[in-house]
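Q: My structure file work.cif, mmCIF, C-alpha atoms and all ligand atoms, is below:
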```cif
data_target
loop_
_atom_site.label_atom_id
_atom_site.label_comp_id
_atom_site.auth_asym_id
_atom_site.auth_seq_id
_atom_site.Cartn_x
_atom_site.Cartn_y
_atom_site.Cartn_z
CA MET D 1056 -17.67 -39.11 -9.48
CA ILE D 1057 -21.35 -40.00 -9.52
CA ASP D 1058 -23.37 -41.28 -6.55
CA ALA D 1059 -24.86 -44.46 -8.01
CA GLY D 1060 -27.15 -45.28 -5.09
CA GLY D 1061 -27.29 -49.00 -4.43
CA TYR D 1062 -28.48 -50.93 -1.41
CA ARG D 1063 -31.47 -48.56 -1.64
CA TYR D 1064 -29.44 -45.79 -0.03
CA GLU D 1065 -27.45 -42.75 -1.12
CA LYS D 1066 -23.71 -42.49 -0.69
CA THR D 1067 -23.04 -46.22 -0.76
CA THR D 1068 -21.82 -46.74 -4.34
CA SER D 1069 -19.65 -44.39 -6.34
CA ILE D 1070 -18.83 -44.70 -10.02
CA PHE D 1071 -16.29 -42.62 -11.94
CA VAL D 1072 -16.16 -41.20 -15.45
CA LEU D 1073 -12.97 -40.75 -17.46
CA GLU D 1074 -13.22 -38.51 -20.47
CA GLY D 1075 -10.41 -38.85 -22.98
CA SER D 1076 -9.89 -36.79 -26.12
CA ARG D 1077 -11.60 -39.42 -28.28
CA LYS D 1078 -13.69 -41.59 -25.98
CA ALA D 1079 -15.08 -41.76 -22.46
CA ALA D 1080 -15.22 -44.66 -20.02
CA ILE D 1081 -17.36 -45.35 -16.98
CA LEU D 1082 -15.62 -47.13 -14.11
CA ASP D 1083 -18.11 -49.61 -12.68
CA THR D 1084 -21.81 -49.56 -13.38
CA GLY D 1085 -23.43 -49.85 -9.95
CA SER D 1086 -26.65 -51.80 -9.46
CA ARG D 1087 -29.45 -52.12 -11.99
CA SER D 1088 -31.22 -49.08 -10.53
CA SER D 1089 -27.99 -47.05 -10.71
CA ALA D 1090 -28.25 -46.67 -14.49
CA ALA D 1091 -30.70 -43.74 -14.30
CA LEU D 1092 -28.49 -41.98 -11.73
CA ILE D 1093 -25.40 -42.50 -13.89
CA LEU D 1094 -27.12 -41.11 -16.99
CA GLY D 1095 -28.23 -38.11 -14.91
CA GLY D 1096 -24.63 -37.66 -13.75
CA LEU D 1097 -23.36 -37.72 -17.35
CA ARG D 1098 -25.87 -35.01 -18.27
CA GLU D 1099 -24.73 -32.91 -15.34
CA MET D 1100 -21.10 -33.36 -16.38
CA LYS D 1101 -22.12 -32.43 -19.94
CA ILE D 1102 -20.69 -35.64 -21.37
CA ASP D 1103 -22.28 -36.65 -24.64
CA PRO D 1104 -23.62 -40.23 -24.14
CA SER D 1105 -22.43 -41.17 -27.64
CA ARG D 1106 -18.79 -40.62 -26.51
CA VAL D 1107 -19.02 -43.32 -23.83
CA ARG D 1108 -17.29 -46.31 -25.38
CA TYR D 1109 -16.39 -48.51 -22.41
CA LEU D 1110 -18.23 -49.62 -19.30
CA LEU D 1111 -15.35 -50.98 -17.22
CA VAL D 1112 -16.81 -53.45 -14.75
CA SER D 1113 -14.53 -54.24 -11.81
CA HIS D 1114 -16.07 -57.63 -10.97
CA ARG D 1115 -19.15 -59.79 -11.18
CA HIS D 1116 -21.05 -58.63 -8.08
CA THR D 1117 -24.47 -57.15 -8.85
CA ASP D 1118 -23.69 -53.78 -7.25
CA HIS D 1119 -20.85 -53.33 -9.78
CA ALA D 1120 -22.06 -55.18 -12.86
CA GLY D 1121 -25.84 -54.75 -12.53
CA GLY D 1122 -26.00 -51.34 -14.17
CA ALA D 1123 -24.25 -52.56 -17.33
CA GLY D 1124 -27.34 -54.05 -19.02
CA PRO D 1125 -29.55 -50.97 -18.73
CA LEU D 1126 -26.62 -48.60 -19.50
CA LEU D 1127 -25.86 -50.42 -22.77
CA ASN D 1128 -29.39 -49.58 -23.89
CA ASP D 1129 -28.90 -45.86 -23.29
CA LEU D 1130 -25.25 -45.54 -24.33
CA PRO D 1131 -25.43 -46.70 -27.96
CA ASN D 1132 -21.66 -46.85 -28.66
CA SER D 1133 -20.64 -48.61 -25.48
CA VAL D 1134 -19.46 -52.11 -24.68
CA ALA D 1135 -19.29 -53.69 -21.22
CA CYS D 1136 -15.74 -54.84 -20.38
CA GLY D 1137 -14.28 -56.95 -17.62
CA HIS D 1138 -12.49 -60.18 -16.75
CA ARG D 1139 -13.75 -63.15 -18.73
CA TYR D 1140 -15.54 -64.47 -15.60
CA THR D 1141 -17.24 -61.09 -15.21
CA ILE D 1142 -18.33 -61.32 -18.84
CA GLU D 1143 -19.71 -64.82 -18.23
CA THR D 1144 -21.78 -63.45 -15.35
CA LEU D 1145 -23.03 -60.52 -17.42
CA ARG D 1146 -24.17 -63.07 -19.98
CA ASP D 1147 -25.83 -65.34 -17.44
CA PRO D 1148 -26.35 -63.82 -13.99
CA ALA D 1149 -28.66 -66.57 -12.62
CA LYS D 1150 -26.10 -67.85 -10.10
CA ILE D 1151 -25.09 -64.45 -8.74
CA ASN D 1152 -28.72 -63.30 -8.57
CA ALA D 1153 -29.60 -66.32 -6.43
CA ALA D 1154 -26.61 -65.69 -4.13
CA VAL D 1155 -27.49 -62.01 -3.72
CA ALA D 1156 -31.12 -62.76 -2.92
CA ALA D 1157 -29.99 -65.23 -0.24
CA ALA D 1158 -27.37 -62.90 1.28
CA PHE D 1159 -28.87 -59.43 1.00
CA GLY D 1160 -32.64 -60.01 0.80
CA GLN D 1161 -34.43 -56.76 0.01
CA TYR D 1162 -31.14 -54.83 -0.15
CA GLY D 1163 -29.89 -56.76 -3.17
CA GLU D 1164 -30.97 -56.11 -6.74
CA PRO D 1165 -30.91 -58.86 -9.38
CA MET D 1166 -29.26 -58.11 -12.71
CA GLU D 1167 -30.52 -58.77 -16.23
CA PRO D 1168 -28.66 -60.98 -18.70
CA ILE D 1169 -26.93 -59.24 -21.62
CA THR D 1170 -27.76 -61.30 -24.69
CA ASP D 1171 -26.04 -59.26 -27.42
CA GLN D 1172 -22.49 -60.69 -27.51
CA SER D 1173 -21.24 -57.78 -29.61
CA ARG D 1174 -21.74 -55.49 -26.58
CA LEU D 1175 -19.43 -57.55 -24.34
CA MET D 1176 -15.63 -57.48 -24.31
CA ALA D 1177 -13.31 -59.61 -22.16
CA LEU D 1178 -10.16 -57.87 -20.93
CA GLU D 1179 -6.85 -59.66 -20.40
CA PRO D 1180 -4.86 -58.85 -17.24
CA GLY D 1181 -2.77 -55.75 -17.92
CA GLN D 1182 -4.69 -54.82 -21.06
CA ALA D 1183 -4.67 -51.14 -21.99
CA ILE D 1184 -7.86 -49.33 -22.91
CA ASP D 1185 -7.31 -46.33 -25.19
CA LEU D 1186 -9.43 -43.20 -24.71
CA GLY D 1187 -7.27 -40.89 -26.86
CA ASP D 1188 -5.06 -38.82 -24.58
CA LEU D 1189 -5.84 -41.12 -21.66
CA GLU D 1190 -5.06 -44.81 -21.30
CA VAL D 1191 -6.52 -47.12 -18.70
CA GLU D 1192 -4.86 -50.34 -17.53
CA ALA D 1193 -6.88 -53.31 -16.28
CA VAL D 1194 -5.02 -54.49 -13.17
CA HIS D 1195 -5.95 -58.01 -12.16
CA THR D 1196 -6.52 -57.94 -8.41
CA ALA D 1197 -8.04 -61.22 -7.22
CA GLY D 1198 -8.96 -61.74 -3.58
CA HIS D 1199 -12.34 -60.11 -3.10
CA THR D 1200 -13.35 -62.19 -6.12
CA SER D 1201 -11.21 -64.12 -8.61
CA ASP D 1202 -12.31 -61.90 -11.50
CA HIS D 1203 -11.53 -58.53 -9.91
CA TYR D 1204 -9.87 -55.75 -11.92
CA CYS D 1205 -8.77 -52.36 -10.66
CA PHE D 1206 -8.41 -49.66 -13.32
CA TYR D 1207 -5.39 -47.34 -13.43
CA GLU D 1208 -5.16 -44.17 -15.47
CA GLY D 1209 -1.61 -42.87 -15.47
CA LYS D 1210 -1.95 -39.27 -16.65
CA ASN D 1211 -4.11 -38.28 -13.67
CA LYS D 1212 -2.60 -41.04 -11.51
CA LEU D 1213 -6.08 -42.29 -10.74
CA LEU D 1214 -6.51 -45.78 -9.37
CA PHE D 1215 -10.06 -47.09 -9.24
CA CYS D 1216 -10.04 -49.97 -6.78
CA GLY D 1217 -13.57 -51.35 -6.99
CA ASP D 1218 -13.81 -53.58 -3.93
CA ALA D 1219 -10.14 -54.68 -3.91
CA ALA D 1220 -8.91 -52.20 -1.30
CA GLY D 1221 -11.88 -52.44 1.03
CA LEU D 1222 -14.89 -50.24 1.76
CA LEU D 1223 -13.90 -46.66 2.45
CA GLY D 1224 -15.18 -44.86 5.52
CA PRO D 1225 -15.09 -41.38 3.97
CA THR D 1226 -15.19 -39.45 7.23
CA THR D 1227 -12.98 -41.81 9.24
CA LEU D 1228 -10.47 -42.25 6.34
CA SER D 1229 -10.26 -45.92 7.11
CA THR D 1230 -11.22 -49.09 5.29
CA THR D 1231 -13.14 -52.26 6.01
CA PRO D 1232 -11.77 -55.33 4.20
CA THR D 1233 -14.28 -56.79 1.72
CA THR D 1234 -14.06 -60.35 3.02
CA PHE D 1235 -17.52 -61.38 1.81
CA PRO D 1236 -18.14 -65.10 1.34
CA PRO D 1237 -17.84 -67.27 -0.62
CA SER D 1238 -15.28 -65.62 -2.94
CA PHE D 1239 -12.87 -63.88 -0.52
CA LYS D 1240 -9.36 -65.39 -0.38
CA TYR D 1241 -6.86 -63.95 2.07
CA GLY D 1242 -3.60 -64.60 0.17
CA PRO D 1243 -4.64 -63.16 -3.20
CA TYR D 1244 -6.37 -60.19 -1.50
CA LEU D 1245 -3.16 -59.30 0.32
CA SER D 1246 -0.97 -59.76 -2.79
CA SER D 1247 -3.35 -57.57 -4.77
CA LEU D 1248 -3.02 -54.72 -2.26
CA GLN D 1249 0.75 -55.07 -2.42
CA LYS D 1250 0.56 -54.95 -6.21
CA LEU D 1251 -1.45 -51.68 -6.01
CA LEU D 1252 1.38 -50.09 -4.02
CA ARG D 1253 3.54 -50.34 -7.16
CA TYR D 1254 1.40 -47.73 -8.93
CA ASP D 1255 2.11 -44.02 -8.72
CA VAL D 1256 -1.18 -42.73 -7.31
CA GLU D 1257 -2.60 -39.29 -6.75
CA THR D 1258 -6.20 -40.43 -6.23
CA VAL D 1259 -7.48 -43.77 -4.99
CA ALA D 1260 -11.14 -44.19 -5.86
CA PHE D 1261 -13.43 -46.70 -4.17
CA ALA D 1262 -16.67 -48.28 -5.33
CA HIS D 1263 -18.02 -47.88 -1.78
CA PHE D 1264 -17.78 -44.88 -1.27
CA GLY D 1265 -15.76 -41.91 -2.47
CA ALA D 1266 -12.09 -41.21 -3.17
CA VAL D 1267 -8.92 -40.26 -1.33
CA SER D 1268 -6.38 -37.84 -2.84
CA GLY D 1269 -2.92 -36.48 -2.22
CA GLU D 1270 -0.76 -37.88 0.55
CA ASP D 1271 -3.63 -39.95 1.92
CA ALA D 1272 -3.97 -41.89 -1.35
CA ARG D 1273 -1.03 -44.22 -0.85
CA GLN D 1274 -1.64 -44.31 2.85
CA ILE D 1275 -5.14 -45.72 2.43
CA ILE D 1276 -3.72 -48.78 0.63
CA HIS D 1277 -1.20 -49.30 3.43
CA GLU D 1278 -4.07 -48.94 5.87
CA GLY D 1279 -6.01 -51.60 3.96
CA ILE D 1280 -3.10 -54.04 4.33
CA ALA D 1281 -2.74 -53.28 8.04
CA THR D 1282 -6.46 -53.75 8.67
CA LEU D 1283 -6.55 -57.04 6.80
CA GLU D 1284 -3.61 -58.34 8.84
CA GLU D 1285 -5.27 -57.10 12.03
CA TRP D 1286 -8.44 -59.02 11.14
CA ARG D 1287 -6.42 -62.19 10.62
CA GLU D 1288 -4.73 -61.70 13.98
CA ILE D 1289 -8.09 -61.27 15.69
CA ALA D 1290 -9.39 -64.43 14.01
CA GLU D 1291 -6.34 -66.41 15.19
CA LYS D 1292 -6.52 -64.95 18.70
CA GLU D 1293 -10.17 -65.98 18.94
CA GLN D 1294 -9.19 -69.43 17.63
CA ARG D 1295 -11.29 -68.86 14.55
CA ASP D 1296 -14.48 -68.93 16.60
CA PRO D 1297 -17.13 -67.23 14.41
CA ASP D 1298 -19.14 -65.61 17.23
CA ALA D 1299 -16.11 -64.29 19.10
CA LEU D 1300 -14.61 -62.96 15.85
CA LEU D 1301 -17.84 -61.18 14.92
CA GLU D 1302 -18.08 -59.59 18.35
CA LYS D 1303 -14.50 -58.35 18.25
CA LEU D 1304 -14.73 -56.97 14.70
CA GLN D 1305 -17.92 -55.07 15.52
CA GLU D 1306 -16.48 -53.79 18.78
CA ARG D 1307 -13.36 -52.42 17.09
CA HIS D 1308 -14.55 -51.38 13.67
CA TRP D 1309 -18.29 -50.62 13.82
CA ALA D 1310 -17.79 -46.90 13.12
CA ARG D 1311 -15.69 -47.53 10.00
CA LEU D 1312 -18.46 -49.26 8.13
CA GLU D 1313 -20.27 -45.94 7.73
CA VAL D 1314 -21.02 -46.78 4.11
CA PHE D 1315 -23.77 -49.09 5.31
CA PRO D 1316 -26.69 -47.74 7.36
CA PRO D 1317 -26.66 -48.94 10.99
CA GLN D 1318 -29.65 -51.26 10.46
CA PHE D 1319 -27.70 -53.14 7.79
CA ARG D 1320 -24.27 -52.94 9.36
CA GLY D 1321 -24.73 -55.91 11.69
CA VAL D 1322 -25.74 -58.14 8.78
CA ALA D 1323 -22.73 -56.92 6.82
CA PHE D 1324 -20.34 -57.63 9.72
CA SER D 1325 -21.66 -61.16 10.16
CA MET D 1326 -21.05 -61.84 6.47
CA LEU D 1327 -17.57 -60.31 6.63
CA ALA D 1328 -16.65 -62.43 9.67
CA ARG D 1329 -17.92 -65.61 8.00
CA GLY D 1330 -16.14 -64.79 4.74
CA LEU D 1331 -12.88 -64.00 6.54
CA LEU D 1332 -12.84 -67.39 8.28
CA ASN D 1333 -13.75 -69.10 5.03
CA GLY D 1334 -10.98 -67.33 3.09
CA LEU D 1335 -8.10 -67.61 5.57
CA PRO D 1336 -5.34 -70.08 4.71
CA SER D 1337 -5.66 -73.37 6.58
CA PRO D 1338 -3.88 -73.39 9.96
CA GLY D 1339 -0.26 -74.34 9.43
CA ASP D 1340 -0.10 -72.93 5.88
ZN ZN O 1401 -17.93 -56.95 -4.53
#
```
Once you've parsed the file, please lay out its structure as structure tokens.
Ligand SMILES: [Zn+2]
A:
Amino acid sequence: MIDAGGYRYEKTTSIFVLEGSRKAAILDTGSRSSAALILGGLREMKIDPSRVRYLLVSHRHTDHAGGAGPLLNDLPNSVACGHRYTIETLRDPAKINAAVAAAFGQYGEPMEPITDQSRLMALEPGQAIDLGDLEVEAVHTAGHTSDHYCFYEGKNKLLFCGDAAGLLGPTTLSTTPTTFPPSFKYGPYLSSLQKLLRYDVETVAFAHFGAVSGEDARQIIHEGIATLEEWREIAEKEQRDPDALLEKLQERHWARLEVFPPQFRGVAFSMLARGLLNGLPSPGD
């Protein structure tokens, strides 16, 4: 695991490296400024940059896809891989850059377009990525965004969840659902978590921040489902009133969102509350 920085702070974004007998893969690429930290991490792990073949991007958000452009320059044999919508965004990030600037202000980092098509590879749902003695499966897990993939490596039973299973509070061992607007959709998010329970996991790795191993690994996915359902219940109880929902979520779950510094946490909660309301099924559904 490498601390990829992001949001201008440490310990917010984690990326993971899988080294197979023939090739290596990087799981997520962080933000644009993460590239230097990732290259430093590879040096520390004594991984030859020429062995890195795949940059597996979980989804189109700039704190996951933004490092791909600069990393391609420094990892000469690599291609950036993801859902075809992720690939479209890597090619032309104008829309996502505008959205990030509006939502995150100084905390967001725009990403650069990748113009060389030969360095981009779209992955089909369920596609296997061969690293030699390791194989990684792209698990389509819509909900946080429509293009989201988790990556599962069966030999080590490692499941990299990106943003699909929430934001991990590493010290509280709890999660915060990633209900950011405008892409969050309640139904697909819940089905994706249920899909993840079908995998035999020893380690569940998060993009924000860290990983959970052993008995807690499966538990953290169950916890993610329970928290999501709790958030929906709160929203219904407060009759989907945005201010009341925000107040209740902050009151109950402020401490969990430790991945964001306190000065940014309020902004994050207001986005999460708005996105939750936006992504809930219509009443009566
Ligand atoms: Zn995201």
Q: Do you have, as a tab-separated table, the list of residues of chain D lying at most 12 Å from ligand ZN 1401 (chain O), each with its nearest atom pair and that distance in Å to one decimal, counting only C-alpha atoms and all ligand atoms and ordered by chain then number?
A:
```
residue	atom	partner	partner_atom	distance
D:Thr1068	CA	O:ZN1401	ZN	10.9
D:Asp1083	CA	O:ZN1401	ZN	11.0
D:Gly1085	CA	O:ZN1401	ZN	10.5
D:Ser1086	CA	O:ZN1401	ZN	11.3
D:Val1112	CA	O:ZN1401	ZN	10.9
D:Ser1113	CA	O:ZN1401	ZN	8.5
D:His1114	CA	O:ZN1401	ZN	6.7
D:Arg1115	CA	O:ZN1401	ZN	7.3
D:His1116	CA	O:ZN1401	ZN	5.0
D:Thr1117	CA	O:ZN1401	ZN	7.8
D:Asp1118	CA	O:ZN1401	ZN	7.1
D:His1119	CA	O:ZN1401	ZN	7.0
D:Ala1120	CA	O:ZN1401	ZN	9.5
D:Gly1121	CA	O:ZN1401	ZN	11.5
D:Thr1141	CA	O:ZN1401	ZN	11.5
D:Ile1151	CA	O:ZN1401	ZN	11.2
D:Val1155	CA	O:ZN1401	ZN	10.8
D:Ala1197	CA	O:ZN1401	ZN	11.1
D:Gly1198	CA	O:ZN1401	ZN	10.2
D:His1199	CA	O:ZN1401	ZN	6.6
D:Thr1200	CA	O:ZN1401	ZN	7.1
D:Ser1201	CA	O:ZN1401	ZN	10.6
D:Asp1202	CA	O:ZN1401	ZN	10.2
D:His1203	CA	O:ZN1401	ZN	8.5
D:Tyr1204	CA	O:ZN1401	ZN	11.0
D:Cys1205	CA	O:ZN1401	ZN	11.9
D:Cys1216	CA	O:ZN1401	ZN	10.8
D:Gly1217	CA	O:ZN1401	ZN	7.5
D:Asp1218	CA	O:ZN1401	ZN	5.4
D:Ala1219	CA	O:ZN1401	ZN	8.1
D:Ala1220	CA	O:ZN1401	ZN	10.7
D:Gly1221	CA	O:ZN1401	ZN	9.4
D:Leu1222	CA	O:ZN1401	ZN	9.7
D:Pro1232	CA	O:ZN1401	ZN	10.8
D:Thr1233	CA	O:ZN1401	ZN	7.2
D:Thr1234	CA	O:ZN1401	ZN	9.1
D:Phe1235	CA	O:ZN1401	ZN	7.7
D:Pro1236	CA	O:ZN1401	ZN	10.0
D:Pro1237	CA	O:ZN1401	ZN	11.0
D:Ser1238	CA	O:ZN1401	ZN	9.2
D:Phe1239	CA	O:ZN1401	ZN	9.5
D:Phe1261	CA	O:ZN1401	ZN	11.2
D:Ala1262	CA	O:ZN1401	ZN	8.8
D:His1263	CA	O:ZN1401	ZN	9.5
D:Leu1327	CA	O:ZN1401	ZN	11.7
```
Q: Identify, on the basis of all atoms listed in the file, every residue whose closest approach to D:Val1107 does not exceed 8 Å; exclude the query and any residue fewer than 4 positions from it along the same chain; express the result as a VMD selection string.
A: chain D and resid 1078 to 1081 1103 1130 1132 to 1133
Q: List the spatial neighbours of stretch 1176-1184 of chain D as a PyMOL selection string - criterion: any atom at most 6 Å away, all atoms listed in the file, same-chain residues fewer than 6 positions off excluded.
A: chain D and resi 1136-1139+1190-1195
Q: Quick one: pull the distance between atom CA of D:Ala1290 and atom CA of D:Phe1159, Å, one decimal.
A: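 Going from atom CA of D:Ala1290 over to atom CA of D:Phe1159 covers 24.0 Å.
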Q: Between atom CA of D:Pro1148 and atom CA of D:Gly1163, what distance in Å does the model show, to one decimal?
A: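 So the two atoms, atom CA of D:Pro1148 and atom CA of D:Gly1163, lie 13.4 Å apart.
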Q: I'd like the neighbourhood of D:Arg1320 as a list in words, where a residue qualifies if any of its atoms comes within 12 Å (using all atoms listed in the file), though same-chain residues fewer than 3 positions away should be ignored.
A: Tyr1062, Phe1159, Tyr1162, Thr1231, Leu1301, Leu1304, Gln1305, His1308, Trp1309, Ala1310, Arg1311, Leu1312, Glu1313, Val1314, Phe1315, Pro1316, Pro1317, Ala1323, Phe1324, Ser1325, Met1326 and Leu1327 of chain D
Q: Measure the distance from atom CA of D:Leu1335 to atom CA of D:Leu1214 in Å and round it to one decimal.
A: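 Atom-to-atom, atom CA of D:Leu1335 to atom CA of D:Leu1214, that is 26.5 Å.
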Q: Can you tell me which residues surround D:Glu1278 at a distance of at most 8 Å, considering all atoms listed in the file, apart from same-chain residues fewer than 3 positions away, and format the answer as a short mmCIF file (atom, residue, chain, number, x, y, z; two decimals) with C-alpha atoms, in the frame of the given file?
A:
```
data_model
loop_
_atom_site.label_atom_id
_atom_site.label_comp_id
_atom_site.auth_asym_id
_atom_site.auth_seq_id
_atom_site.Cartn_x
_atom_site.Cartn_y
_atom_site.Cartn_z
CA SER D 1229 -10.26 -45.92 7.11
CA THR D 1230 -11.22 -49.09 5.29
CA GLN D 1274 -1.64 -44.31 2.85
CA ILE D 1275 -5.14 -45.72 2.43
CA ALA D 1281 -2.74 -53.28 8.04
CA THR D 1282 -6.46 -53.75 8.67
#
```
Q: Please work out which residues fall within 10 Å of (-6.7, -60.8, 10.6), coordinates as given in the file, with all atoms listed in the file counting, and return them as a PDB file with C-alpha atoms, in the frame of the given file.
A:
```
ATOM      1  CA  PRO D1232     -11.770 -55.330   4.200  1.00  0.00           C
ATOM      2  CA  TYR D1241      -6.860 -63.950   2.070  1.00  0.00           C
ATOM      3  CA  ILE D1280      -3.100 -54.040   4.330  1.00  0.00           C
ATOM      4  CA  ALA D1281      -2.740 -53.280   8.040  1.00  0.00           C
ATOM      5  CA  THR D1282      -6.460 -53.750   8.670  1.00  0.00           C
ATOM      6  CA  LEU D1283      -6.550 -57.040   6.800  1.00  0.00           C
ATOM      7  CA  GLU D1284      -3.610 -58.340   8.840  1.00  0.00           C
ATOM      8  CA  GLU D1285      -5.270 -57.100  12.030  1.00  0.00           C
ATOM      9  CA  TRP D1286      -8.440 -59.020  11.140  1.00  0.00           C
ATOM     10  CA  ARG D1287      -6.420 -62.190  10.620  1.00  0.00           C
ATOM     11  CA  GLU D1288      -4.730 -61.700  13.980  1.00  0.00           C
ATOM     12  CA  ILE D1289      -8.090 -61.270  15.690  1.00  0.00           C
ATOM     13  CA  ALA D1290      -9.390 -64.430  14.010  1.00  0.00           C
ATOM     14  CA  GLU D1291      -6.340 -66.410  15.190  1.00  0.00           C
ATOM     15  CA  LYS D1292      -6.520 -64.950  18.700  1.00  0.00           C
ATOM     16  CA  LEU D1300     -14.610 -62.960  15.850  1.00  0.00           C
ATOM     17  CA  LEU D1304     -14.730 -56.970  14.700  1.00  0.00           C
ATOM     18  CA  LEU D1331     -12.880 -64.000   6.540  1.00  0.00           C
ATOM     19  CA  LEU D1332     -12.840 -67.390   8.280  1.00  0.00           C
ATOM     20  CA  LEU D1335      -8.100 -67.610   5.570  1.00  0.00           C
TER      21      LEU D1335
END
```
Q: Of the residues D:Asp1188, D:Gly1122, D:Gly1095, D:Phe1206, which is the one nearest to D:Leu1082, using all atoms listed in the file?
A: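 Going through D:Asp1188, D:Gly1122, D:Gly1095, D:Phe1206 one by one, the smallest distance to D:Leu1082 is for D:Phe1206.
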Q: List every protein, DNA or RNA residue that has at least one atom no more than 12 Å from (0.4, -43.8, -0.4) in the file's coordinates, counting all atoms listed in the file, and write the result as an NGL selection string.
A: :D and (1212 or 1214 or 1248-1249 or 1251-1259 or 1267-1280)
Q: Kindly save the residues from that selection, with C-alpha atoms included, as an mmCIF file, in the coordinates of the input.
A:
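result19.cif, written as the output of this step:
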```cif
data_model
loop_
_atom_site.group_PDB
_atom_site.id
_atom_site.type_symbol
_atom_site.label_atom_id
_atom_site.label_comp_id
_atom_site.auth_asym_id
_atom_site.auth_seq_id
_atom_site.Cartn_x
_atom_site.Cartn_y
_atom_site.Cartn_z
ATOM 1 C CA LYS D 1212 -2.600 -41.040 -11.510
ATOM 2 C CA LEU D 1214 -6.510 -45.780 -9.370
ATOM 3 C CA LEU D 1248 -3.020 -54.720 -2.260
ATOM 4 C CA GLN D 1249 0.750 -55.070 -2.420
ATOM 5 C CA LEU D 1251 -1.450 -51.680 -6.010
ATOM 6 C CA LEU D 1252 1.380 -50.090 -4.020
ATOM 7 C CA ARG D 1253 3.540 -50.340 -7.160
ATOM 8 C CA TYR D 1254 1.400 -47.730 -8.930
ATOM 9 C CA ASP D 1255 2.110 -44.020 -8.720
ATOM 10 C CA VAL D 1256 -1.180 -42.730 -7.310
ATOM 11 C CA GLU D 1257 -2.600 -39.290 -6.750
ATOM 12 C CA THR D 1258 -6.200 -40.430 -6.230
ATOM 13 C CA VAL D 1259 -7.480 -43.770 -4.990
ATOM 14 C CA VAL D 1267 -8.920 -40.260 -1.330
ATOM 15 C CA SER D 1268 -6.380 -37.840 -2.840
ATOM 16 C CA GLY D 1269 -2.920 -36.480 -2.220
ATOM 17 C CA GLU D 1270 -0.760 -37.880 0.550
ATOM 18 C CA ASP D 1271 -3.630 -39.950 1.920
ATOM 19 C CA ALA D 1272 -3.970 -41.890 -1.350
ATOM 20 C CA ARG D 1273 -1.030 -44.220 -0.850
ATOM 21 C CA GLN D 1274 -1.640 -44.310 2.850
ATOM 22 C CA ILE D 1275 -5.140 -45.720 2.430
ATOM 23 C CA ILE D 1276 -3.720 -48.780 0.630
ATOM 24 C CA HIS D 1277 -1.200 -49.300 3.430
ATOM 25 C CA GLU D 1278 -4.070 -48.940 5.870
ATOM 26 C CA GLY D 1279 -6.010 -51.600 3.960
ATOM 27 C CA ILE D 1280 -3.100 -54.040 4.330
#
```
Q: Set up a box along x, y and z of the file covering all listed atoms of stretch 1305-1317 of chain D, add 3 Å on every one of the six sides, and write the centre and edge lengths in Å to one decimal, as AutoDock Vina command-line options.
A:
```
--center_x -20.0 --center_y -50.5 --center_z 11.4 --size_x 19.3 --size_y 15.1 --size_z 20.7
```
